[in-house]
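Enquirer: Data file data-v1.cif (mmCIF, C-alpha atoms) is appended below.
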data_upload
#
loop_
_atom_site.label_atom_id
_atom_site.label_comp_id
_atom_site.auth_asym_id
_atom_site.auth_seq_id
_atom_site.Cartn_x
_atom_site.Cartn_y
_atom_site.Cartn_z
CA MET A 1 0.00 0.00 0.00
CA THR A 2 1.38 3.39 -0.96
CA THR A 3 1.24 6.53 1.19
CA ASP A 4 -1.87 7.87 -0.59
CA GLY A 5 -3.85 4.71 0.24
CA THR A 6 -3.60 3.06 -3.18
CA THR A 7 -1.85 -0.18 -3.95
CA ASP A 8 1.17 -0.45 -6.21
CA ARG A 9 0.25 -4.02 -7.18
CA ALA A 10 -1.22 -4.95 -10.53
CA PHE A 11 -4.46 -6.40 -9.16
CA ASP A 12 -6.82 -5.77 -6.28
CA ILE A 13 -8.01 -9.38 -6.37
CA VAL A 14 -6.79 -12.57 -8.07
CA LEU A 15 -9.02 -15.65 -8.09
CA PHE A 16 -7.10 -18.94 -8.17
CA GLY A 17 -9.19 -21.95 -9.16
CA ALA A 18 -11.87 -20.35 -11.33
CA THR A 19 -12.34 -23.48 -13.46
CA GLY A 20 -13.81 -25.60 -10.64
CA PHE A 21 -17.52 -25.60 -9.81
CA THR A 22 -17.35 -23.21 -6.84
CA GLY A 23 -14.57 -21.25 -8.52
CA ARG A 24 -16.79 -20.55 -11.54
CA LEU A 25 -19.60 -19.35 -9.29
CA THR A 26 -17.15 -17.12 -7.44
CA ALA A 27 -15.88 -15.66 -10.71
CA GLU A 28 -19.44 -14.95 -11.80
CA TYR A 29 -20.25 -13.25 -8.50
CA LEU A 30 -17.15 -11.08 -8.71
CA ALA A 31 -17.99 -10.18 -12.30
CA ALA A 32 -21.43 -8.98 -11.24
CA HIS A 33 -20.48 -7.20 -8.00
CA LEU A 34 -16.93 -5.82 -8.12
CA PRO A 35 -16.65 -2.04 -8.40
CA ASP A 36 -16.16 -0.83 -11.96
CA THR A 37 -12.69 0.41 -11.04
CA ALA A 38 -11.55 -2.91 -9.57
CA ARG A 39 -8.52 -4.57 -11.13
CA TRP A 40 -8.75 -8.35 -11.03
CA ALA A 41 -7.59 -11.50 -12.76
CA LEU A 42 -8.17 -15.23 -13.00
CA ALA A 43 -5.32 -17.60 -12.19
CA GLY A 44 -4.92 -21.30 -12.84
CA ARG A 45 -2.95 -24.05 -14.49
CA ASN A 46 -5.05 -24.62 -17.62
CA GLN A 47 -5.15 -21.44 -19.68
CA ALA A 48 -7.69 -22.84 -22.14
CA LYS A 49 -10.17 -23.58 -19.35
CA LEU A 50 -9.53 -20.15 -17.83
CA ALA A 51 -10.24 -18.56 -21.20
CA ALA A 52 -13.54 -20.46 -21.35
CA VAL A 53 -14.50 -19.06 -17.94
CA ARG A 54 -13.55 -15.58 -19.14
CA ASP A 55 -15.79 -16.02 -22.18
CA ARG A 56 -18.74 -16.79 -19.92
CA LEU A 57 -17.94 -13.74 -17.80
CA ALA A 58 -17.97 -11.59 -20.91
CA GLY A 59 -21.64 -12.51 -21.17
CA ILE A 60 -22.16 -10.74 -17.84
CA ASP A 61 -19.99 -7.77 -18.74
CA PRO A 62 -18.49 -7.51 -22.27
CA ARG A 63 -15.51 -5.60 -20.84
CA LEU A 64 -14.41 -8.83 -19.14
CA GLY A 65 -13.48 -10.30 -22.49
CA GLU A 66 -10.06 -8.79 -21.81
CA LEU A 67 -9.81 -9.96 -18.18
CA PRO A 68 -6.17 -10.92 -17.47
CA LEU A 69 -5.32 -14.62 -17.10
CA VAL A 70 -2.35 -15.58 -14.93
CA HIS A 71 -0.60 -18.93 -14.98
CA ALA A 72 -0.46 -20.56 -11.54
CA ASP A 73 0.10 -24.16 -10.49
CA SER A 74 -0.11 -25.52 -6.94
CA ALA A 75 3.01 -27.57 -7.66
CA ASP A 76 4.99 -24.59 -8.99
CA SER A 77 6.07 -22.31 -6.16
CA ALA A 78 7.56 -19.74 -8.54
CA SER A 79 4.21 -19.26 -10.30
CA LEU A 80 2.44 -18.89 -6.94
CA ARG A 81 4.98 -16.28 -5.88
CA VAL A 82 4.18 -14.27 -9.04
CA VAL A 83 0.46 -14.42 -8.23
CA ALA A 84 0.96 -13.38 -4.60
CA GLU A 85 3.26 -10.50 -5.48
CA SER A 86 0.83 -9.18 -8.10
CA ALA A 87 -2.26 -9.05 -5.89
CA GLN A 88 -3.58 -7.19 -2.90
CA VAL A 89 -5.89 -10.15 -2.11
CA VAL A 90 -5.76 -13.75 -3.37
CA ILE A 91 -8.86 -15.96 -3.33
CA THR A 92 -8.35 -19.70 -3.69
CA THR A 93 -10.96 -22.40 -4.25
CA VAL A 94 -8.38 -25.12 -4.97
CA GLY A 95 -8.79 -28.02 -2.54
CA PRO A 96 -8.52 -30.29 -0.74
CA TYR A 97 -6.39 -27.63 0.89
CA LEU A 98 -4.26 -30.02 2.91
CA GLU A 99 -3.12 -31.52 -0.38
CA TYR A 100 -2.89 -28.42 -2.57
CA GLY A 101 -3.15 -25.30 -0.41
CA GLY A 102 0.06 -24.87 1.58
CA PRO A 103 2.37 -23.37 -1.07
CA LEU A 104 -0.06 -20.55 -1.87
CA VAL A 105 -0.44 -19.65 1.81
CA ALA A 106 3.36 -19.56 2.06
CA ALA A 107 3.61 -17.28 -0.97
CA CYS A 108 0.98 -14.86 0.35
CA ALA A 109 2.51 -14.75 3.83
CA ALA A 110 5.94 -13.98 2.40
CA ALA A 111 4.61 -11.31 0.01
CA GLY A 112 2.41 -9.53 2.56
CA THR A 113 -0.66 -10.45 0.51
CA ASP A 114 -4.10 -10.95 2.01
CA TYR A 115 -5.49 -14.44 1.49
CA VAL A 116 -8.96 -16.03 1.70
CA ASP A 117 -10.13 -19.60 1.14
CA LEU A 118 -13.16 -21.77 1.84
CA THR A 119 -11.46 -24.61 3.70
CA GLY A 120 -13.18 -26.53 6.46
CA GLU A 121 -10.08 -28.63 7.20
CA PRO A 122 -8.88 -28.12 10.80
CA GLU A 123 -5.51 -29.81 10.23
CA PHE A 124 -4.74 -27.53 7.30
CA VAL A 125 -5.65 -24.40 9.26
CA ASP A 126 -3.56 -25.48 12.25
CA ARG A 127 -0.54 -26.34 10.11
CA MET A 128 -0.76 -23.05 8.26
CA TYR A 129 -0.78 -21.26 11.60
CA LEU A 130 2.31 -23.13 12.74
CA GLU A 131 4.17 -22.56 9.49
CA HIS A 132 3.11 -19.09 8.35
CA HIS A 133 1.39 -17.05 11.07
CA ALA A 134 4.61 -15.43 12.31
CA THR A 135 5.74 -14.57 8.77
CA ALA A 136 2.36 -13.04 7.96
CA GLN A 137 2.46 -10.96 11.11
CA SER A 138 5.83 -9.55 10.08
CA THR A 139 4.76 -8.77 6.48
CA GLY A 140 1.26 -7.52 7.35
CA ALA A 141 -0.56 -10.28 5.46
CA ARG A 142 -4.00 -11.30 6.70
CA LEU A 143 -4.53 -15.04 6.24
CA VAL A 144 -8.27 -15.65 6.57
CA HIS A 145 -9.34 -19.27 6.23
CA ALA A 146 -12.89 -20.66 6.24
CA CYS A 147 -14.55 -17.81 4.31
CA GLY A 148 -17.39 -19.91 2.88
CA PHE A 149 -20.22 -21.68 4.65
CA ASP A 150 -17.40 -22.95 6.81
CA SER A 151 -17.38 -20.73 8.80
CA ILE A 152 -18.81 -17.27 8.05
CA PRO A 153 -22.45 -17.80 9.13
CA HIS A 154 -21.27 -19.29 12.43
CA ASP A 155 -18.43 -16.85 13.08
CA LEU A 156 -20.33 -13.70 12.16
CA GLY A 157 -23.59 -15.08 13.55
CA ALA A 158 -21.92 -15.53 16.94
CA LEU A 159 -20.54 -11.98 16.69
CA TYR A 160 -23.98 -10.63 15.81
CA THR A 161 -25.49 -12.50 18.77
CA VAL A 162 -22.85 -11.22 21.20
CA GLN A 163 -23.68 -7.69 20.07
CA GLN A 164 -27.28 -8.17 21.26
CA LEU A 165 -26.19 -9.15 24.80
CA PRO A 166 -24.95 -7.11 27.78
CA THR A 167 -21.26 -6.22 27.86
CA GLY A 168 -18.74 -7.17 30.51
CA VAL A 169 -20.56 -10.31 31.69
CA PRO A 170 -20.09 -14.08 31.10
CA LEU A 171 -21.79 -15.19 27.87
CA THR A 172 -22.85 -18.54 26.45
CA VAL A 173 -23.86 -18.96 22.80
CA ARG A 174 -25.01 -22.07 20.96
CA GLY A 175 -25.39 -22.30 17.21
CA VAL A 176 -27.82 -24.73 15.55
CA PHE A 177 -27.55 -25.43 11.82
CA ARG A 178 -30.25 -26.70 9.43
CA THR A 179 -30.31 -27.10 5.65
CA ASN A 180 -31.84 -29.09 2.82
CA ALA A 181 -28.60 -28.88 0.81
CA ALA A 182 -26.90 -31.74 -1.01
CA ILE A 183 -23.21 -32.34 -0.28
CA SER A 184 -20.66 -31.19 -2.86
CA GLY A 185 -17.92 -33.29 -4.39
CA GLY A 186 -15.25 -31.05 -2.92
CA THR A 187 -16.82 -31.13 0.53
CA LEU A 188 -17.18 -34.92 0.41
CA HIS A 189 -13.55 -35.51 -0.58
CA SER A 190 -12.32 -33.00 1.98
CA GLY A 191 -14.39 -34.62 4.71
CA LEU A 192 -13.20 -38.11 3.79
CA GLY A 193 -9.61 -36.93 3.95
CA GLN A 194 -10.11 -35.41 7.38
CA LEU A 195 -11.80 -38.48 8.86
CA SER A 196 -8.96 -40.66 7.60
CA ARG A 197 -6.35 -38.43 9.31
CA LEU A 198 -7.69 -38.07 12.83
CA PRO A 199 -4.34 -38.76 14.59
CA ALA A 200 -2.53 -36.24 12.36
CA MET A 201 -5.32 -33.72 12.93
CA GLN A 202 -4.96 -34.11 16.68
CA ARG A 203 -1.19 -33.71 16.52
CA ALA A 204 -1.50 -30.46 14.59
CA ALA A 205 -4.05 -29.14 17.06
CA THR A 206 -1.81 -30.07 20.00
CA GLU A 207 1.24 -28.42 18.42
CA ARG A 208 -0.74 -25.25 17.85
CA LYS A 209 -1.98 -25.15 21.45
CA ARG A 210 1.63 -25.26 22.66
CA VAL A 211 2.60 -22.08 20.84
CA GLU A 212 -0.62 -20.07 20.47
CA SER A 213 -1.11 -17.23 22.91
CA ARG A 214 -4.22 -16.99 25.09
CA PRO A 215 -6.04 -13.86 26.27
CA GLN A 216 -5.10 -12.61 29.72
CA ASN A 217 -7.73 -12.46 32.46
CA ARG A 218 -10.43 -13.86 30.18
CA ARG A 219 -11.69 -17.38 29.46
CA VAL A 220 -12.95 -18.49 26.03
CA ARG A 221 -14.10 -22.02 25.30
CA ALA A 222 -15.68 -24.05 22.52
CA LYS A 223 -17.23 -27.28 23.67
CA LEU A 224 -18.88 -30.25 22.02
CA GLY A 225 -22.13 -30.63 23.90
CA ALA A 226 -24.28 -33.71 24.30
CA PRO A 227 -27.33 -34.58 22.18
CA ARG A 228 -30.43 -33.09 23.79
CA HIS A 229 -33.69 -31.30 23.20
CA ASP A 230 -33.52 -27.51 23.02
CA ARG A 231 -36.52 -25.95 24.73
CA ILE A 232 -36.12 -22.49 23.19
CA LEU A 233 -35.73 -23.74 19.61
CA ASP A 234 -38.00 -26.78 20.10
CA THR A 235 -35.57 -29.03 18.26
CA TRP A 236 -33.20 -31.90 18.93
CA LEU A 237 -29.50 -31.05 18.93
CA ILE A 238 -26.74 -33.19 17.41
CA PRO A 239 -23.20 -32.03 18.25
CA LEU A 240 -21.31 -31.10 15.05
CA PRO A 241 -17.54 -31.82 15.12
CA THR A 242 -16.70 -29.27 12.41
CA ILE A 243 -14.15 -26.47 12.24
CA ASP A 244 -16.79 -23.85 13.06
CA PRO A 245 -16.53 -23.94 16.89
CA GLU A 246 -12.74 -23.55 16.63
CA ILE A 247 -13.16 -20.47 14.44
CA VAL A 248 -15.71 -18.92 16.81
CA GLN A 249 -13.42 -19.65 19.75
CA ARG A 250 -10.50 -17.88 18.06
CA SER A 251 -12.68 -14.86 17.36
CA GLY A 252 -13.73 -14.83 21.00
CA ARG A 253 -10.11 -14.89 22.09
CA ALA A 254 -9.20 -12.01 19.80
CA ARG A 255 -12.19 -9.77 20.61
CA ALA A 256 -12.56 -8.49 24.16
CA ASP A 257 -16.21 -7.60 23.48
CA TYR A 258 -17.06 -11.31 23.81
CA GLY A 259 -16.78 -10.73 27.54
CA PRO A 260 -14.72 -12.09 30.44
CA ASP A 261 -16.02 -15.66 30.05
CA PHE A 262 -17.34 -16.84 26.67
CA THR A 263 -18.53 -20.35 25.77
CA TYR A 264 -19.71 -21.53 22.36
CA SER A 265 -21.28 -24.86 21.39
CA HIS A 266 -22.28 -26.04 17.92
CA TYR A 267 -25.05 -28.38 16.72
CA ALA A 268 -27.17 -29.61 13.87
CA GLY A 269 -30.89 -29.29 14.53
CA VAL A 270 -33.35 -32.11 13.78
CA ARG A 271 -37.05 -32.46 14.53
CA ARG A 272 -37.19 -36.07 15.72
CA ALA A 273 -35.23 -37.87 18.43
CA VAL A 274 -34.83 -40.94 16.21
CA THR A 275 -32.77 -38.85 13.79
CA VAL A 276 -30.23 -38.26 16.55
CA LEU A 277 -29.67 -42.01 16.90
CA GLY A 278 -29.47 -42.47 13.13
CA ALA A 279 -26.92 -39.68 12.78
CA ALA A 280 -24.72 -41.16 15.52
CA ALA A 281 -24.81 -44.61 13.91
CA GLY A 282 -24.11 -43.19 10.45
CA PHE A 283 -21.14 -41.14 11.63
CA THR A 284 -19.64 -44.14 13.41
CA ALA A 285 -20.02 -46.32 10.31
CA ALA A 286 -18.43 -43.65 8.10
CA LEU A 287 -15.56 -43.18 10.52
CA VAL A 288 -14.77 -46.90 10.37
CA ALA A 289 -15.19 -47.12 6.59
CA VAL A 290 -12.85 -44.27 5.67
CA GLN A 291 -9.94 -45.92 7.47
CA VAL A 292 -9.94 -48.48 4.61
CA PRO A 293 -8.54 -46.89 1.41
CA ALA A 294 -10.73 -48.92 -0.95
CA ALA A 295 -13.88 -47.99 0.97
CA ARG A 296 -12.82 -44.35 1.09
CA ARG A 297 -12.35 -44.31 -2.69
CA ALA A 298 -15.72 -45.98 -3.23
CA ILE A 299 -17.48 -43.34 -1.14
CA GLY A 300 -15.60 -40.53 -2.89
CA ASN A 301 -16.48 -41.85 -6.34
CA ARG A 302 -20.16 -41.26 -5.64
CA ILE A 303 -19.69 -37.49 -6.17
CA PRO A 304 -16.64 -36.53 -8.27
CA GLN A 305 -14.73 -33.39 -7.32
CA GLY A 306 -15.70 -30.38 -9.37
CA ASP A 307 -19.32 -31.53 -9.75
CA GLY A 308 -22.24 -29.79 -8.13
CA PRO A 309 -26.04 -29.50 -8.22
CA SER A 310 -27.97 -27.80 -10.98
CA GLN A 311 -29.09 -24.19 -10.81
CA GLN A 312 -32.66 -25.41 -10.28
CA ARG A 313 -31.59 -27.54 -7.30
CA ARG A 314 -29.55 -24.69 -5.82
CA ASP A 315 -32.50 -22.32 -6.17
CA ARG A 316 -34.57 -24.63 -3.94
CA THR A 317 -31.86 -24.95 -1.29
CA TRP A 318 -31.70 -23.01 1.98
CA PHE A 319 -29.87 -22.89 5.28
CA THR A 320 -30.46 -21.42 8.71
CA VAL A 321 -28.21 -21.10 11.72
CA ASP A 322 -30.11 -20.26 14.89
CA PHE A 323 -28.17 -18.85 17.84
CA VAL A 324 -29.26 -18.72 21.46
CA GLY A 325 -27.15 -16.34 23.52
CA GLU A 326 -27.40 -15.91 27.27
CA GLY A 327 -25.72 -13.53 29.68
CA GLY A 328 -26.41 -10.84 32.27
CA GLY A 329 -29.97 -12.05 32.82
CA ARG A 330 -30.81 -11.74 29.12
CA THR A 331 -31.56 -14.43 26.51
CA VAL A 332 -31.59 -13.64 22.80
CA HIS A 333 -32.50 -15.83 19.82
CA THR A 334 -30.93 -14.72 16.53
CA GLN A 335 -30.82 -16.32 13.11
CA VAL A 336 -28.64 -16.27 10.01
CA ARG A 337 -30.56 -17.31 6.90
CA GLY A 338 -29.59 -17.73 3.27
CA GLY A 339 -29.91 -19.83 0.15
CA ASP A 340 -27.79 -22.73 -1.08
CA PRO A 341 -24.91 -22.87 1.45
CA GLY A 342 -22.46 -25.14 -0.36
CA TYR A 343 -22.23 -23.22 -3.63
CA THR A 344 -24.30 -20.06 -4.23
CA GLU A 345 -23.89 -18.55 -0.78
CA THR A 346 -20.34 -19.84 -0.36
CA ALA A 347 -19.31 -18.05 -3.57
CA LYS A 348 -21.03 -14.90 -2.28
CA MET A 349 -19.40 -15.07 1.15
CA LEU A 350 -15.94 -15.81 -0.25
CA SER A 351 -16.20 -12.94 -2.73
CA GLU A 352 -17.51 -10.43 -0.20
CA ALA A 353 -14.77 -11.44 2.25
CA ALA A 354 -12.13 -10.72 -0.38
CA MET A 355 -13.75 -7.42 -1.35
CA SER A 356 -13.90 -6.39 2.30
CA LEU A 357 -10.17 -6.99 2.66
CA ALA A 358 -9.44 -5.16 -0.57
CA PHE A 359 -11.71 -2.14 -0.21
CA ASP A 360 -12.95 -1.66 3.39
CA ASP A 361 -11.37 0.25 6.26
CA ASN A 362 -10.92 -2.74 8.58
CA PRO A 363 -9.25 -2.93 12.00
CA PRO A 364 -5.45 -3.35 11.82
CA THR A 365 -4.69 -7.07 11.98
CA SER A 366 -2.14 -9.47 10.52
CA GLY A 367 -1.22 -13.12 10.66
CA GLN A 368 -3.80 -15.90 10.64
CA VAL A 369 -7.06 -14.23 11.66
CA THR A 370 -10.79 -14.96 11.51
CA THR A 371 -13.50 -13.12 9.61
CA ALA A 372 -14.93 -11.66 12.84
CA THR A 373 -11.46 -10.37 13.73
CA ALA A 374 -10.24 -9.17 10.34
CA MET A 375 -13.44 -7.76 8.79
CA GLY A 376 -16.11 -8.05 11.51
CA GLU A 377 -18.83 -5.44 11.20
CA ASN A 378 -17.79 -4.47 7.66
CA LEU A 379 -18.38 -8.00 6.41
CA LEU A 380 -21.63 -8.25 8.36
CA ARG A 381 -22.84 -5.15 6.56
CA ARG A 382 -21.71 -6.46 3.17
CA LEU A 383 -23.41 -9.83 3.57
CA ALA A 384 -26.64 -8.29 4.81
CA SER A 385 -26.66 -6.05 1.73
CA ALA A 386 -25.98 -9.12 -0.43
CA GLY A 387 -29.07 -10.93 0.86
CA ILE A 388 -27.87 -13.04 3.79
CA ASP A 389 -30.20 -12.24 6.68
CA PHE A 390 -28.95 -11.57 10.23
CA THR A 391 -32.01 -11.07 12.41
CA VAL A 392 -33.12 -11.05 16.04
CA VAL A 393 -35.94 -13.59 16.37
CA GLY A 394 -36.75 -12.95 20.00
CA THR A 395 -35.45 -11.82 23.38
CA ASP A 396 -36.17 -12.62 27.00
CA SER A 397 -34.81 -10.09 29.48
#
Would you give me this structure, written as structure tokens?

Expert:
Amino acid sequence: MTTDGTTDRAFDIVLFGATGFTGRLTAEYLAAHLPDTARWALAGRNQAKLAAVRDRLAGIDPRLGELPLVHADSADSASLRVVAESAQVVITTVGPYLEYGGPLVAACAAAGTDYVDLTGEPEFVDRMYLEHHATAQSTGARLVHACGFDSIPHDLGALYTVQQLPTGVPLTVRGVFRTNAAISGGTLHSGLGQLSRLPAMQRAATERKRVESRPQNRRVRAKLGAPRHDRILDTWLIPLPTIDPEIVQRSGRARADYGPDFTYSHYAGVRRAVTVLGAAAGFTAALVAVQVPAARRAIGNRIPQGDGPSQQRRDRTWFTVDFVGEGGGRTVHTQVRGGDPGYTETAKMLSEAAMSLAFDDNPPTSGQVTTATAMGENLLRRLASAGIDFTVVGTDS
């Protein structure tokens, strides 16, 4: 950034991975919503496929027929360095991130380039913290993982809920997720990889805990609760062992406005108790199956990577995350609501996160940070304007 507030880099935003299913949706969203003055580019390994994406974008805006295309390959560190050094913000949709993502994070950290992805892989996020957080702090780069459905609705929904509660008192928040969405190929393969690497995931988490600082004179926890019936929401709760509680916990540690004692728990919501038992049995069976490579491949082959549902299916898809926050004698029920979480809304959230980093006046942060820490209220405002609802359903004082 130069002294007059402008950047001396060639591009405000570079999208890496525009030829995949979610990448194409992200490119289309950027094409429709970036400011007219924005300078951006598509990056990837296959220039012919990138050119095909550009041709589709030209149907949205004919000026995009000349959109720059940049060669980048996850296996070519020199090409990733060129991308990082040319951009103010890099978006990547190339996963599974544990397999393909590390070199780009390294390049952005070294170049002082802001970075966003849509990973939900805890081991990847922990290893990137261990390997690149300190470098990013020194260069000023903001490394913001989990900028899709994992974990923006949960992270910013928890922030929004905290803002409805009294300050300076212990707070508890629980988030409850529902959707009618179908799983994506990328999400399936990422999830299979994580379940097959539980010991490695635990080692990375333990290594991070040894070196990560904790807030002084405050306590922040994320806990995996037990299945139970929620009286306020009138639904059965299934604990969700996703990355989302970890992200919310890190935001709580970084933001003093979460109070002196903050606890978050995370669930899926179902209407019938029998579904709780079925979900537990299904998860156990999947956990056993993915330890066998042949079984893991068979499950993965059901939905190839890069495939996704039709526009008609996405148009019928929805999600909600209900939050119940309690503290200081007050209870508040809030909700985050949107459309198709795995594709349409993920592309929107990822794009708006990148645009917030590129164009908004955000709090000064660096290193590996969360959306609530790096963009916070600015991203809340952006997403609300883009059609993702953050609402107060009810209060009980």

Enquirer: Taking all atoms listed in the file into account, name the residue in A:Gly338, A:Gly327, A:Pro170, A:Gly148 that is nearest to Ala353 in chain A.

Expert: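 Closest to Ala353 in chain A of all the choices is A:Gly148.
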
Enquirer: Please compute the CA of Arg219 in chain A-CA of Pro260 in chain A distance, one decimal, in Å.

Expert: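 A separation of 6.2 Å between them.
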
Enquirer: Return as a list in words the set of residues that the PyMOL selection byres ((chain A and resi 346) around 8) yields on the displayed structure.

Expert: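 Applying the expression gives Thr22, Leu118, Cys147, Gly148, Phe149, Pro341, Gly342, Tyr343, Thr344, Glu345, Ala347, Lys348, Met349 and Leu350 of chain A.
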
Enquirer: With the PyMOL selection byres ((chain A and resi 67) around 8) as the selection, what would be picked from this file? Answer as an mmCIF file with C-alpha atoms, keeping the file's coordinate frame, please.

Expert:
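Written file, result08.cif:
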data_model
loop_
_atom_site.group_PDB
_atom_site.id
_atom_site.type_symbol
_atom_site.label_atom_id
_atom_site.label_comp_id
_atom_site.auth_asym_id
_atom_site.auth_seq_id
_atom_site.Cartn_x
_atom_site.Cartn_y
_atom_site.Cartn_z
ATOM 1 C CA TRP A 40 -8.750 -8.350 -11.030
ATOM 2 C CA ALA A 41 -7.590 -11.500 -12.760
ATOM 3 C CA LEU A 42 -8.170 -15.230 -13.000
ATOM 4 C CA ARG A 54 -13.550 -15.580 -19.140
ATOM 5 C CA ARG A 63 -15.510 -5.600 -20.840
ATOM 6 C CA LEU A 64 -14.410 -8.830 -19.140
ATOM 7 C CA GLY A 65 -13.480 -10.300 -22.490
ATOM 8 C CA GLU A 66 -10.060 -8.790 -21.810
ATOM 9 C CA PRO A 68 -6.170 -10.920 -17.470
ATOM 10 C CA LEU A 69 -5.320 -14.620 -17.100
#

Enquirer: Output as a tab-separated table one row per residue of range 92-164 of chain A within 10 Å of range 360-376 of chain A: the closest atom pair and its distance in Å to one decimal place, counting all atoms listed in the file, sorted by chain and residue number ascending.

Expert:
residue	atom	partner	partner_atom	distance
A:Ala109	CA	A:Gly367	CA	8.0
A:Gly112	CA	A:Ser366	CA	9.2
A:Asp114	CA	A:Ser366	CA	8.9
A:Tyr115	CA	A:Gln368	CA	9.4
A:Val116	CA	A:Thr371	CA	9.6
A:Val125	CA	A:Gln368	CA	8.8
A:Asp126	CA	A:Gln368	CA	9.7
A:Met128	CA	A:Gln368	CA	8.1
A:Tyr129	CA	A:Gln368	CA	6.2
A:Leu130	CA	A:Gln368	CA	9.7
A:His132	CA	A:Gly367	CA	7.7
A:His133	CA	A:Gly367	CA	4.7
A:Ala134	CA	A:Gly367	CA	6.5
A:Thr135	CA	A:Gly367	CA	7.4
A:Ala136	CA	A:Gly367	CA	4.5
A:Gln137	CA	A:Gly367	CA	4.3
A:Ser138	CA	A:Gly367	CA	7.9
A:Thr139	CA	A:Ser366	CA	8.0
A:Gly140	CA	A:Ser366	CA	5.0
A:Ala141	CA	A:Ser366	CA	5.4
A:Arg142	CA	A:Ser366	CA	4.6
A:Leu143	CA	A:Gln368	CA	4.5
A:Val144	CA	A:Val369	CA	5.4
A:His145	CA	A:Thr370	CA	7.0
A:Ala146	CA	A:Thr370	CA	8.0
A:Cys147	CA	A:Thr371	CA	7.2
A:Ser151	CA	A:Thr371	CA	8.6
A:Ile152	CA	A:Thr371	CA	6.9
A:His154	CA	A:Ala372	CA	9.9
A:Asp155	CA	A:Ala372	CA	6.3
A:Leu156	CA	A:Ala372	CA	5.8
A:Gly157	CA	A:Ala372	CA	9.3
A:Ala158	CA	A:Ala372	CA	9.0
A:Leu159	CA	A:Ala372	CA	6.8
A:Tyr160	CA	A:Gly376	CA	9.3

Enquirer: Hey, what comes out of the PyMOL selection byres ((chain A and resi 175) around 8) on this file? Could you write it as a list in words?

Expert: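 Listing what the PyMOL selection byres ((chain A and resi 175) around 8) selects in the shown file: His154, Ala158, Val173, Arg174, Val176, Phe177, Tyr264, Ser265, His266, Tyr267, Val321, Asp322, Phe323 and Val324 of chain A.
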